[in-house]
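Q: query15.csv is the file, holding CSV, C-alpha atoms:
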```
chain,number,residue,atom,x,y,z
A,108,MET,CA,72.7,49.1,-25.1
A,109,SER,CA,75.3,48.5,-22.4
A,110,ASP,CA,79.1,48.9,-23.1
A,111,GLU,CA,79.7,45.2,-22.7
A,112,MET,CA,77.0,44.5,-25.2
A,113,ARG,CA,78.1,47.1,-27.7
A,114,ARG,CA,78.9,45.5,-31.0
A,115,VAL,CA,79.7,48.7,-32.9
A,116,THR,CA,81.7,51.6,-31.5
A,117,ALA,CA,80.0,54.8,-30.4
A,118,ILE,CA,79.7,57.5,-33.1
A,119,CYS,CA,80.8,61.1,-32.6
A,120,ASN,CA,78.0,62.8,-34.6
A,121,GLY,CA,75.0,61.4,-36.4
A,122,THR,CA,71.9,59.3,-35.8
A,123,VAL,CA,71.3,56.0,-34.1
A,124,VAL,CA,68.2,54.2,-35.0
A,125,ASP,CA,67.3,51.5,-32.5
A,126,HIS,CA,64.5,49.0,-32.2
A,127,ILE,CA,64.2,48.2,-35.9
A,128,PRO,CA,62.3,44.9,-36.3
A,129,GLY,CA,64.9,42.1,-36.8
A,130,GLY,CA,66.0,41.7,-40.4
A,131,ARG,CA,64.5,45.0,-41.6
A,132,ALA,CA,67.5,47.3,-41.4
A,133,ILE,CA,68.3,46.9,-45.1
A,134,GLN,CA,64.8,47.9,-46.0
A,135,VAL,CA,65.2,50.9,-43.7
A,136,LEU,CA,68.4,51.9,-45.6
A,137,ARG,CA,66.5,51.6,-48.9
A,138,MET,CA,63.5,53.5,-47.5
A,139,LEU,CA,65.7,56.3,-46.3
A,140,ARG,CA,67.7,56.2,-49.6
A,141,LEU,CA,70.9,55.7,-47.7
A,142,ASP,CA,71.8,52.6,-49.7
A,143,ILE,CA,72.9,54.6,-52.8
A,144,GLY,CA,75.0,57.7,-53.5
A,145,ARG,CA,76.0,58.5,-49.9
A,146,SER,CA,79.4,58.6,-48.4
A,147,ASN,CA,78.5,58.7,-44.7
A,148,PRO,CA,79.8,55.7,-42.8
A,149,ILE,CA,76.9,53.5,-41.7
A,150,SER,CA,77.1,50.6,-39.2
A,151,MET,CA,74.4,48.0,-39.1
A,152,VAL,CA,73.7,45.4,-36.5
A,153,MET,CA,71.1,42.8,-37.3
A,154,ASN,CA,69.1,40.3,-35.3
A,155,VAL,CA,70.5,41.1,-31.8
A,156,PRO,CA,68.3,40.0,-28.8
A,157,SER,CA,65.8,42.6,-27.7
A,158,ALA,CA,63.4,42.4,-24.7
A,159,LYS,CA,60.9,44.6,-26.7
A,160,LEU,CA,61.0,43.0,-30.1
A,161,GLY,CA,62.6,39.6,-29.6
A,162,ARG,CA,65.1,40.4,-32.3
A,163,LYS,CA,66.1,43.8,-33.5
A,164,ASP,CA,68.4,45.7,-35.8
A,165,VAL,CA,70.3,48.9,-35.1
A,166,LEU,CA,71.7,51.4,-37.5
A,167,LYS,CA,74.4,54.0,-36.7
A,168,ILE,CA,74.6,56.7,-39.4
A,169,GLU,CA,77.6,59.0,-39.0
A,170,ASP,CA,77.6,62.7,-39.7
A,171,ARG,CA,73.9,62.8,-40.6
A,172,GLU,CA,70.9,63.8,-38.6
A,173,LEU,CA,67.6,62.3,-39.9
A,174,SER,CA,64.9,64.8,-40.9
A,175,GLN,CA,61.2,64.6,-39.9
A,176,GLU,CA,60.4,63.5,-43.4
A,177,GLU,CA,62.9,60.7,-43.1
A,178,LEU,CA,61.4,59.7,-39.7
A,179,ASP,CA,58.0,59.5,-41.4
A,180,ARG,CA,59.5,57.0,-43.9
A,181,LEU,CA,61.2,55.1,-41.1
A,182,ALA,CA,57.9,54.7,-39.3
A,183,LEU,CA,56.5,52.6,-42.2
A,184,ILE,CA,59.0,49.8,-41.5
A,185,ALA,CA,59.9,50.4,-37.9
A,186,PRO,CA,57.0,52.1,-36.1
A,187,ALA,CA,58.5,51.3,-32.7
A,188,ALA,CA,62.0,52.6,-33.6
A,189,SER,CA,63.7,55.0,-31.3
A,190,VAL,CA,65.9,57.6,-32.9
A,191,ALA,CA,68.8,59.4,-31.1
A,192,ILE,CA,70.6,62.3,-32.6
A,193,ILE,CA,74.2,62.2,-31.4
A,194,ARG,CA,76.4,65.2,-31.1
A,195,ASN,CA,79.9,65.0,-29.7
A,196,TYR,CA,79.3,61.4,-28.5
A,197,ARG,CA,76.3,62.5,-26.5
A,198,VAL,CA,72.6,62.0,-27.1
A,199,ALA,CA,71.5,65.5,-28.0
A,200,GLU,CA,67.9,64.7,-29.0
A,201,LYS,CA,65.6,61.7,-28.8
A,202,LEU,CA,63.0,61.3,-31.5
A,203,LYS,CA,60.2,58.9,-32.3
A,204,ALA,CA,59.2,57.6,-35.6
A,205,GLU,CA,55.4,58.3,-36.0
A,206,LEU,CA,53.3,56.8,-38.6
A,207,GLY,CA,50.9,59.4,-40.0
A,208,GLU,CA,47.6,58.7,-41.7
A,209,ASP,CA,48.6,60.0,-45.2
A,210,LEU,CA,51.9,59.2,-46.8
A,211,VAL,CA,52.4,61.9,-49.4
A,212,ASN,CA,55.2,61.5,-52.0
A,213,ILE,CA,56.9,58.8,-50.1
A,214,ALA,CA,56.2,56.0,-52.5
A,215,ARG,CA,54.3,55.5,-55.7
A,216,CYS,CA,51.4,53.1,-56.0
A,217,SER,CA,52.6,49.6,-57.2
A,218,PHE,CA,49.4,48.8,-59.2
A,219,TRP,CA,50.1,48.8,-62.9
A,220,ASN,CA,46.8,50.4,-63.9
A,221,CYS,CA,46.6,53.1,-61.2
A,222,ILE,CA,46.1,56.7,-62.5
A,223,THR,CA,49.3,57.7,-60.8
A,224,GLN,CA,51.3,55.5,-63.2
A,225,ASN,CA,50.6,58.1,-65.8
A,226,ALA,CA,53.8,60.2,-65.7
A,227,ARG,CA,52.0,63.3,-67.1
A,228,GLU,CA,49.7,63.6,-64.1
A,229,PRO,CA,50.9,66.3,-61.7
A,230,LEU,CA,49.3,65.5,-58.4
A,231,PRO,CA,51.3,64.0,-55.5
A,232,HIS,CA,51.5,60.3,-54.9
A,233,LYS,CA,49.4,59.5,-51.9
A,234,LEU,CA,49.2,56.3,-49.8
A,235,ARG,CA,46.8,55.9,-46.9
A,236,VAL,CA,47.3,54.0,-43.7
A,237,VAL,CA,44.1,52.0,-43.3
A,238,ASN,CA,45.2,50.0,-40.3
A,239,ILE,CA,48.2,50.1,-37.9
A,240,GLU,CA,48.2,46.5,-36.5
A,241,PRO,CA,48.5,44.7,-38.8
A,242,LEU,CA,49.8,47.4,-41.0
A,243,GLU,CA,47.6,47.9,-44.0
A,244,ILE,CA,48.4,50.6,-46.6
A,245,ARG,CA,46.4,51.5,-49.7
A,246,CYS,CA,46.7,53.9,-52.6
A,247,SER,CA,44.5,56.9,-51.9
A,248,TYR,CA,43.4,56.9,-55.5
A,249,CYS,CA,43.0,53.4,-56.8
A,250,GLU,CA,42.5,51.9,-53.2
A,251,ARG,CA,44.8,48.9,-54.0
A,252,GLY,CA,46.7,47.4,-51.0
A,253,GLN,CA,50.4,47.9,-51.0
A,254,ASP,CA,52.8,45.5,-49.2
A,255,MET,CA,56.0,46.6,-47.7
A,256,ASP,CA,58.3,45.1,-50.3
A,257,GLU,CA,56.3,47.0,-53.0
A,258,ILE,CA,56.5,50.2,-51.1
A,259,VAL,CA,60.3,49.9,-50.6
A,260,ASP,CA,60.6,49.1,-54.3
A,261,ASN,CA,58.6,52.2,-55.2
A,262,ILE,CA,60.0,54.8,-53.0
A,263,LEU,CA,60.3,58.3,-54.4
B,293,MET,CA,40.5,68.5,-65.8
B,294,GLN,CA,41.5,72.0,-64.7
B,295,MET,CA,40.1,73.3,-68.0
B,296,ILE,CA,36.8,71.5,-67.4
B,297,ASP,CA,36.8,73.0,-64.0
B,298,GLY,CA,36.5,76.4,-65.6
B,299,TYR,CA,34.0,75.4,-68.3
B,300,ALA,CA,31.4,73.2,-66.5
B,301,ASP,CA,29.3,73.0,-63.3
B,302,VAL,CA,29.8,69.2,-62.9
B,303,ALA,CA,32.0,66.6,-64.5
B,304,ALA,CA,31.4,62.9,-65.1
B,305,ILE,CA,34.6,60.9,-65.8
B,306,ARG,CA,34.9,57.4,-67.3
B,307,HIS,CA,38.5,56.4,-67.5
B,308,PRO,CA,40.5,53.2,-68.2
B,309,GLN,CA,42.8,53.7,-65.2
B,310,GLN,CA,41.8,53.0,-61.6
B,311,GLY,CA,41.6,55.9,-59.3
B,312,ALA,CA,41.1,58.5,-62.1
B,313,ALA,CA,37.9,59.9,-60.6
B,314,GLN,CA,39.3,60.5,-57.1
B,315,TYR,CA,42.5,61.9,-58.7
B,316,SER,CA,40.3,64.4,-60.7
B,317,ALA,CA,38.2,65.3,-57.7
B,318,ASP,CA,41.4,66.1,-55.8
B,319,ALA,CA,42.5,68.4,-58.6
B,320,ILE,CA,39.4,70.5,-59.2
B,321,GLU,CA,36.6,72.3,-57.4
B,322,ILE,CA,33.4,71.3,-59.3
B,323,PRO,CA,31.7,68.0,-58.4
B,324,VAL,CA,33.2,64.9,-60.1
B,325,LEU,CA,31.0,61.9,-60.8
B,326,ASN,CA,32.8,58.6,-61.2
B,327,ALA,CA,31.3,57.0,-64.3
B,328,GLY,CA,33.7,54.0,-64.0
B,329,ASP,CA,37.4,54.0,-63.4
B,330,GLY,CA,39.2,50.9,-64.9
B,331,ALA,CA,38.5,47.9,-62.7
B,332,GLY,CA,37.9,50.2,-59.7
B,333,ASN,CA,34.4,51.4,-58.9
B,334,HIS,CA,31.2,52.4,-60.6
B,335,PRO,CA,29.1,54.2,-58.0
B,336,THR,CA,26.5,55.7,-60.3
B,337,GLN,CA,25.7,52.1,-61.4
B,338,THR,CA,25.3,51.2,-57.7
B,339,LEU,CA,22.7,54.0,-57.2
B,340,LEU,CA,20.6,52.6,-60.0
B,341,ASP,CA,21.2,49.0,-58.8
B,342,LEU,CA,20.0,49.9,-55.3
B,343,PHE,CA,17.0,51.7,-56.8
B,344,THR,CA,16.1,48.6,-58.9
B,345,ILE,CA,16.4,46.3,-55.9
B,346,ARG,CA,14.2,48.5,-53.8
B,347,GLU,CA,11.6,48.8,-56.5
B,348,ALA,CA,11.5,45.0,-56.6
B,349,HIS,CA,11.7,44.1,-53.0
B,350,GLY,CA,10.4,47.2,-51.3
B,351,THR,CA,13.5,47.4,-49.1
B,352,LEU,CA,17.2,47.2,-49.2
B,353,GLU,CA,17.5,45.7,-45.7
B,354,GLY,CA,18.8,42.2,-45.1
B,355,LEU,CA,18.6,40.7,-48.5
B,356,ASN,CA,20.4,37.7,-49.7
B,357,VAL,CA,22.4,38.9,-52.7
B,358,VAL,CA,24.5,36.7,-55.0
B,359,LEU,CA,27.2,38.4,-57.1
B,360,VAL,CA,28.3,36.3,-60.0
B,361,GLY,CA,31.1,36.4,-62.6
B,362,ASP,CA,34.1,38.6,-62.8
B,363,LEU,CA,34.4,39.9,-59.2
B,364,ARG,CA,38.1,40.8,-59.6
B,365,TYR,CA,37.9,43.2,-62.5
B,366,GLY,CA,34.1,44.0,-62.3
B,367,ARG,CA,33.8,47.5,-61.0
B,368,THR,CA,30.0,47.4,-60.6
B,369,VAL,CA,30.2,44.6,-58.0
B,370,HIS,CA,33.0,46.4,-56.1
B,371,SER,CA,30.8,49.5,-55.6
B,372,LEU,CA,27.6,47.5,-55.1
B,373,SER,CA,29.0,45.2,-52.5
B,374,HIS,CA,30.2,48.1,-50.4
B,375,ALA,CA,26.8,49.7,-50.6
B,376,LEU,CA,24.8,46.5,-49.8
B,377,VAL,CA,26.8,46.0,-46.6
B,378,ARG,CA,25.4,49.2,-45.3
B,379,PHE,CA,21.9,47.6,-45.5
B,380,GLY,CA,22.9,44.4,-43.8
B,381,ALA,CA,22.9,42.2,-46.9
B,382,THR,CA,24.1,38.7,-46.9
B,383,LEU,CA,26.5,38.4,-49.8
B,384,THR,CA,27.5,35.3,-51.7
B,385,LEU,CA,30.4,35.9,-54.1
B,386,VAL,CA,30.4,33.4,-57.0
B,387,SER,CA,33.5,33.5,-59.3
B,388,PRO,CA,36.2,31.3,-60.6
B,389,GLU,CA,39.3,31.3,-58.4
B,390,SER,CA,41.2,33.6,-60.7
B,391,LEU,CA,38.4,36.2,-60.6
B,392,ARG,CA,37.7,36.4,-56.9
B,393,MET,CA,36.8,39.7,-55.2
B,394,PRO,CA,39.9,41.6,-54.3
B,395,SER,CA,41.1,40.9,-50.8
B,396,GLU,CA,40.9,44.6,-49.9
B,397,ILE,CA,37.2,44.7,-50.7
B,398,VAL,CA,36.4,41.4,-48.9
B,399,SER,CA,38.3,42.8,-45.9
B,400,ASP,CA,36.2,46.0,-46.0
B,401,LEU,CA,33.0,44.0,-46.3
B,402,ASN,CA,33.9,41.9,-43.3
B,403,ALA,CA,34.9,45.0,-41.4
B,404,GLY,CA,31.4,46.4,-42.2
B,405,GLY,CA,29.8,43.5,-40.5
B,406,ALA,CA,28.7,41.7,-43.7
B,407,GLU,CA,28.1,38.0,-43.9
B,408,VAL,CA,30.2,37.0,-46.9
B,409,THR,CA,30.6,33.6,-48.5
B,410,GLU,CA,32.9,33.0,-51.5
B,411,THR,CA,32.2,30.0,-53.8
B,412,THR,CA,32.7,28.8,-57.3
B,413,ASP,CA,29.3,27.1,-57.5
B,414,LEU,CA,26.4,29.2,-58.9
B,415,ALA,CA,23.8,26.5,-59.0
B,416,GLY,CA,23.9,26.0,-55.2
B,417,THR,CA,23.1,29.6,-54.5
B,418,ILE,CA,20.0,30.1,-56.6
B,419,ALA,CA,17.3,28.7,-54.3
B,420,GLU,CA,18.0,31.1,-51.4
B,421,ALA,CA,18.8,34.2,-53.4
B,422,ASP,CA,16.7,37.4,-53.3
B,423,VAL,CA,18.9,39.0,-56.0
B,424,ILE,CA,21.3,37.3,-58.5
B,425,TYR,CA,23.6,39.9,-60.0
B,426,MET,CA,25.3,38.5,-63.1
B,427,THR,CA,28.3,40.2,-64.7
B,428,ARG,CA,30.1,39.5,-67.9
B,429,ILE,CA,33.7,38.5,-68.0
B,430,GLN,CA,35.3,41.3,-70.0
B,431,LYS,CA,38.2,40.5,-72.2
B,432,GLU,CA,39.6,44.0,-72.1
B,433,ARG,CA,40.0,43.9,-68.3
B,434,PHE,CA,42.5,41.0,-68.5
B,435,PRO,CA,46.2,41.8,-68.8
B,436,ASP,CA,46.7,38.3,-70.1
B,437,GLU,CA,44.5,36.8,-72.9
B,438,ASP,CA,45.2,33.2,-71.7
B,439,GLU,CA,43.7,34.1,-68.4
B,440,TYR,CA,40.6,35.3,-70.1
B,441,THR,CA,40.2,32.2,-72.3
B,442,LYS,CA,40.3,29.9,-69.2
B,443,VAL,CA,37.2,31.5,-67.6
B,444,ALA,CA,35.2,33.0,-70.5
B,445,GLY,CA,31.6,31.6,-70.5
B,446,ILE,CA,32.1,29.8,-67.2
B,447,TYR,CA,28.7,30.9,-65.8
B,448,MET,CA,25.5,30.8,-67.9
B,449,LEU,CA,22.1,31.2,-66.4
B,450,THR,CA,19.1,29.7,-68.3
B,451,ALA,CA,15.4,29.7,-67.5
B,452,SER,CA,15.5,26.1,-66.4
B,453,ASP,CA,18.1,26.9,-63.8
B,454,LEU,CA,15.4,29.1,-62.0
B,455,ALA,CA,12.9,26.3,-61.3
B,456,ASN,CA,13.6,26.2,-57.5
B,457,SER,CA,14.2,29.9,-57.1
B,458,LYS,CA,12.2,32.2,-54.8
B,459,GLU,CA,9.1,33.7,-56.5
B,460,SER,CA,10.4,37.2,-55.7
B,461,MET,CA,14.0,36.6,-56.8
B,462,ILE,CA,15.2,39.1,-59.4
B,463,ILE,CA,18.1,38.7,-61.9
B,464,MET,CA,20.1,41.8,-62.6
B,465,HIS,CA,23.0,42.6,-64.9
B,466,PRO,CA,24.8,45.9,-65.7
B,467,LEU,CA,24.6,45.0,-69.4
B,468,PRO,CA,25.6,44.5,-72.1
B,469,ARG,CA,25.7,40.8,-71.6
B,470,VAL,CA,27.8,38.3,-73.6
B,471,ASN,CA,26.3,34.8,-72.9
B,472,GLU,CA,26.0,34.7,-69.1
B,473,ILE,CA,22.2,35.1,-69.3
B,474,HIS,CA,20.4,33.0,-71.9
B,475,PRO,CA,17.6,34.8,-73.8
B,476,SER,CA,15.2,32.3,-72.3
B,477,VAL,CA,15.5,34.1,-69.0
B,478,ASP,CA,14.3,37.4,-70.6
B,479,SER,CA,10.7,36.3,-70.6
B,480,THR,CA,10.6,35.2,-67.0
B,481,HIS,CA,9.3,37.5,-64.2
B,482,HIS,CA,12.7,37.2,-62.6
B,483,ALA,CA,14.4,39.2,-65.4
B,484,ARG,CA,15.0,42.8,-64.2
B,485,TYR,CA,18.0,43.9,-66.2
B,486,PHE,CA,16.2,45.9,-68.8
B,487,GLN,CA,14.2,47.9,-66.2
B,488,GLN,CA,17.6,48.2,-64.4
B,489,ALA,CA,19.1,49.7,-67.5
B,490,PHE,CA,16.3,52.3,-67.7
B,491,ASN,CA,16.7,53.1,-64.1
B,492,GLY,CA,20.2,54.3,-65.0
B,493,VAL,CA,18.6,57.2,-66.8
B,494,VAL,CA,16.6,58.5,-63.8
B,495,ALA,CA,19.2,57.7,-61.2
B,496,ARG,CA,21.8,59.7,-63.1
B,497,MET,CA,19.3,62.5,-63.8
B,498,ALA,CA,18.7,62.6,-60.0
B,499,LEU,CA,22.4,62.7,-59.3
B,500,LEU,CA,23.0,65.6,-61.7
B,501,CYS,CA,20.1,67.5,-60.2
B,502,ASP,CA,21.6,67.0,-56.8
B,503,CYS,CA,25.0,68.3,-58.0
B,504,LEU,CA,23.4,71.3,-59.7
B,505,GLY,CA,21.1,72.2,-56.8
B,506,VAL,CA,17.9,71.4,-58.9
B,507,LYS,CA,15.0,70.4,-56.6
B,508,ILE,CA,13.3,67.2,-57.6
B,509,PRO,CA,9.5,67.1,-56.9
B,510,LYS,CA,8.2,64.1,-55.0
B,511,LYS,CA,5.9,63.3,-57.8
B,512,VAL,CA,6.7,64.0,-61.5
B,513,LYS,CA,3.8,64.5,-63.9
```
Starting from the coordinates I provided, produce the structure as structure tokens.
A:
Amino acid sequence: MSDEMRRVTAICNGTVVDHIPGGRAIQVLRMLRLDIGRSNPISMVMNVPSAKLGRKDVLKIEDRELSQEELDRLALIAPAASVAIIRNYRVAEKLKAELGEDLVNIARCSFWNCITQNAREPLPHKLRVVNIEPLEIRCSYCERGQDMDEIVDNIL
Amino acid sequence: MQMIDGYADVAAIRHPQQGAAQYSADAIEIPVLNAGDGAGNHPTQTLLDLFTIREAHGTLEGLNVVLVGDLRYGRTVHSLSHALVRFGATLTLVSPESLRMPSEIVSDLNAGGAEVTETTDLAGTIAEADVIYMTRIQKERFPDEDEYTKVAGIYMLTASDLANSKESMIIMHPLPRVNEIHPSVDSTHHARYFQQAFNGVVARMALLCDCLGVKIPKKVK
């Protein structure tokens, strides 16, 4: 983003997540569990014009570098997101969110009668990416489809 | 299941929750047979269903199969439809709106190249069918009793309904039935559900033999 287009000031250290589909930044915050119990300053820009996406959201998360596991979560909502790790106002690393085939212990299945709803069962929660475009995700056990709102509501 | 893993050579699990068999199979080493998981799947029933169809028609290829009743919660039709697509079946799915086949399964069937038609009208499907597979609408599958009451008894097949059917058409049912097949059908040559039930014994014997490495002779005395 050019300086004249900059809507939020540069951050000294942290993570910038760019190219989030327009309107999905709040879901990203929830998916990354950044919406609760954190004290890091977070700036959010929503629905700005984007040549790539039409409209996009941008997140700037200060004093926190996203982990690979968090990038995996991010990929569910924003598979085309570009992630920059910022150190001392400079881009220290550029990362890509990549959607894997199996999503292990990222979200629980939303189906009320899935075996994984039984709290006594010890195995990991597993969702499976069946199709990328359009995105289709199912529980690996009960095979029920999961929509994105349900996944965000059921993150672990 | 981890205890059973130590005790047995093979496990068969029937469980009210969906996904229980896959979950168990992921947890242990011995073979796990899914004997029905909630409203999910019933693959051993599918094996005996395929055997029954092949006995009657001499082939599994390219048949016109009509699946009737509770396609939403009916696990037998979930597994059977997946299997039939592999043999190029034309599938007609007959159900009330509230009990339509889950969209994930219809999507899989279409992706598998199946010709799938969904309808609420059973009578209009009978003349062209090679197989009519009836299912009962099971009260225990419904989270809401009102939903069950609205659709209970919606499809009932009687002998007179079969007047224009193909000579070779067979009627199947995973049994037990409630009232979806009138007893007048039992004495017609179309009724195949009791033979189908018997085939469950041999199909599951064969499956257990396969899991245990027991060879099955081509001809049994």
Q: How many Å lie between CA of Leu504 in chain B and CA of Cys221 in chain A, rounded to one decimal?
A: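 If I compute the distance from CA of Leu504 in chain B to CA of Cys221 in chain A, I get 29.5 Å.
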Q: May I have the residues at most 6 Å from (46.2, 61.3, -54.1) in the file's coordinates, counting all atoms listed in the file, as a PyMOL selection string?
A: (chain A and resi 231-233+247-248) or (chain B and resi 315)
Q: Within 7 Å of Gly121 in chain A, counting all atoms listed in the file, which residues show up once you throw out same-chain ones fewer than 4 positions away? Write them as a ChimeraX atom specification, please.
A: /A:168-172,192-194
Q: Measure the distance from CA of Leu263 in chain A to CA of Leu206 in chain A in Å and round it to one decimal.
A: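 Interatomic distance, CA of Leu263 in chain A to CA of Leu206 in chain A: 17.3 Å.
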Q: Using all atoms listed in the file, I'd like a table of the residues in chain A that come within 12 Å of chain B; for each, show the closest atom pair and its distance in Å rounded to one decimal, ordered by chain and ascending number, as a Markdown table.
A:
```
| residue | atom | partner | partner_atom | distance |
| --- | --- | --- | --- | --- |
| A:Cys216 | CA | B:Gly311 | CA | 10.7 |
| A:Phe218 | CA | B:Gln310 | CA | 9.0 |
| A:Trp219 | CA | B:Gln309 | CA | 9.1 |
| A:Asn220 | CA | B:Gln309 | CA | 5.3 |
| A:Cys221 | CA | B:Gln310 | CA | 4.8 |
| A:Ile222 | CA | B:Gln309 | CA | 5.2 |
| A:Thr223 | CA | B:Gly311 | CA | 8.0 |
| A:Gln224 | CA | B:Gln309 | CA | 8.9 |
| A:Asn225 | CA | B:Gln309 | CA | 9.0 |
| A:Glu228 | CA | B:Tyr315 | CA | 9.2 |
| A:Pro229 | CA | B:Ala319 | CA | 9.2 |
| A:Leu230 | CA | B:Ala319 | CA | 7.4 |
| A:Pro231 | CA | B:Tyr315 | CA | 9.6 |
| A:His232 | CA | B:Tyr315 | CA | 9.9 |
| A:Lys233 | CA | B:Tyr315 | CA | 10.0 |
| A:Val237 | CA | B:Asp400 | CA | 10.3 |
| A:Asn238 | CA | B:Asp400 | CA | 11.4 |
| A:Glu243 | CA | B:Glu396 | CA | 9.5 |
| A:Ile244 | CA | B:Glu396 | CA | 10.2 |
| A:Arg245 | CA | B:Glu396 | CA | 8.8 |
| A:Cys246 | CA | B:Gly311 | CA | 8.7 |
| A:Ser247 | CA | B:Gly311 | CA | 8.0 |
| A:Tyr248 | CA | B:Gly311 | CA | 4.3 |
| A:Cys249 | CA | B:Gly311 | CA | 3.8 |
| A:Glu250 | CA | B:Gly311 | CA | 7.3 |
| A:Arg251 | CA | B:Glu396 | CA | 7.1 |
| A:Gly252 | CA | B:Glu396 | CA | 6.5 |
| A:Gln253 | CA | B:Glu396 | CA | 10.1 |
| A:Asp254 | CA | B:Glu396 | CA | 12.0 |
```
Q: Find the residues near Val324 in chain B: any atom within 6 Å, counting only C-alpha atoms, skip ones fewer than 3 places away on the same chain, and give them as a PyMOL selection string.
A: chain B and resi 303-304+317
Q: Mind giving me the straight-line distance from CA of Gly505 in chain B to CA of Thr344 in chain B in Å, one decimal?
A: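 One can read the CA of Gly505 in chain B to CA of Thr344 in chain B distance as 24.2 Å.
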Q: For Ala451 in chain B, which residue among B:Arg433, B:His481, B:Lys507, B:Arg469 is the nearest when counting all atoms listed in the file?
A: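 When distances to Ala451 in chain B are compared using all atoms listed in the file, the smallest one comes from B:His481.
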Q: Looking at A:Leu139, A:Ala182, A:Val165, A:Ile262, which one is nearest to Arg215 in chain A, with distances taken over all atoms listed in the file?
A: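 The answer is A:Ile262, which sits nearest to Arg215 in chain A.
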Q: Please provide the set of residues having any atom within 12 Å of Asp301 in chain B, restricted to all atoms listed in the file, with same-chain residues fewer than 6 positions apart removed, written as a PyMOL selection string.
A: chain B and resi 295+320-325+500-505
Q: Which polymer residues have any atom within 7 Å of an atom of range 376-382 of chain B, counting all atoms listed in the file, with same-chain residues fewer than 2 positions away left out, as a list of chain:residue names?
A: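 Once the nearby chain positions are removed, what remains is B:Leu352, B:Glu353, B:Gly354, B:Leu355, B:Asn356, B:Val357, B:Leu372, B:Ser373, B:His374, B:Thr384, B:Leu401, B:Gly404, B:Ala406, B:Glu407, B:Val408.
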Q: Of the candidates B:Arg392, B:Arg367, B:Arg484, B:Arg346, which one gets nearest to Thr409 in chain B if we count all atoms listed in the file?
A: B:Arg392
Q: Using all atoms listed in the file and a cutoff of 10 Å, can you tell me which residues are near (77.0, 44.8, -38.2) in the file's coordinates, and write them out as number ranges by chain?
A: A: 114-115, 149-155, 164-167
Q: Give the answer as one residue: which of B:Ser460, B:Gln488, B:Thr368, B:Ser452 has the shortest atom-to-atom distance to Glu420 in chain B, using all atoms listed in the file?
A: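 The answer is B:Ser460, which sits nearest to Glu420 in chain B.
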Q: Compile the contact shell of Gln134 in chain A as number ranges by chain: residues with an atom at most 9 Å away, counting only C-alpha atoms, same-chain residues fewer than 6 positions apart removed.
A: A: 184, 256, 259
Q: Have a look at B:Leu339, B:Leu499, B:Ile463, B:Leu454 and name the one nearest to Asp422 in chain B; count only C-alpha atoms.
A: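 Selected residue with least distance to Asp422 in chain B: B:Ile463.
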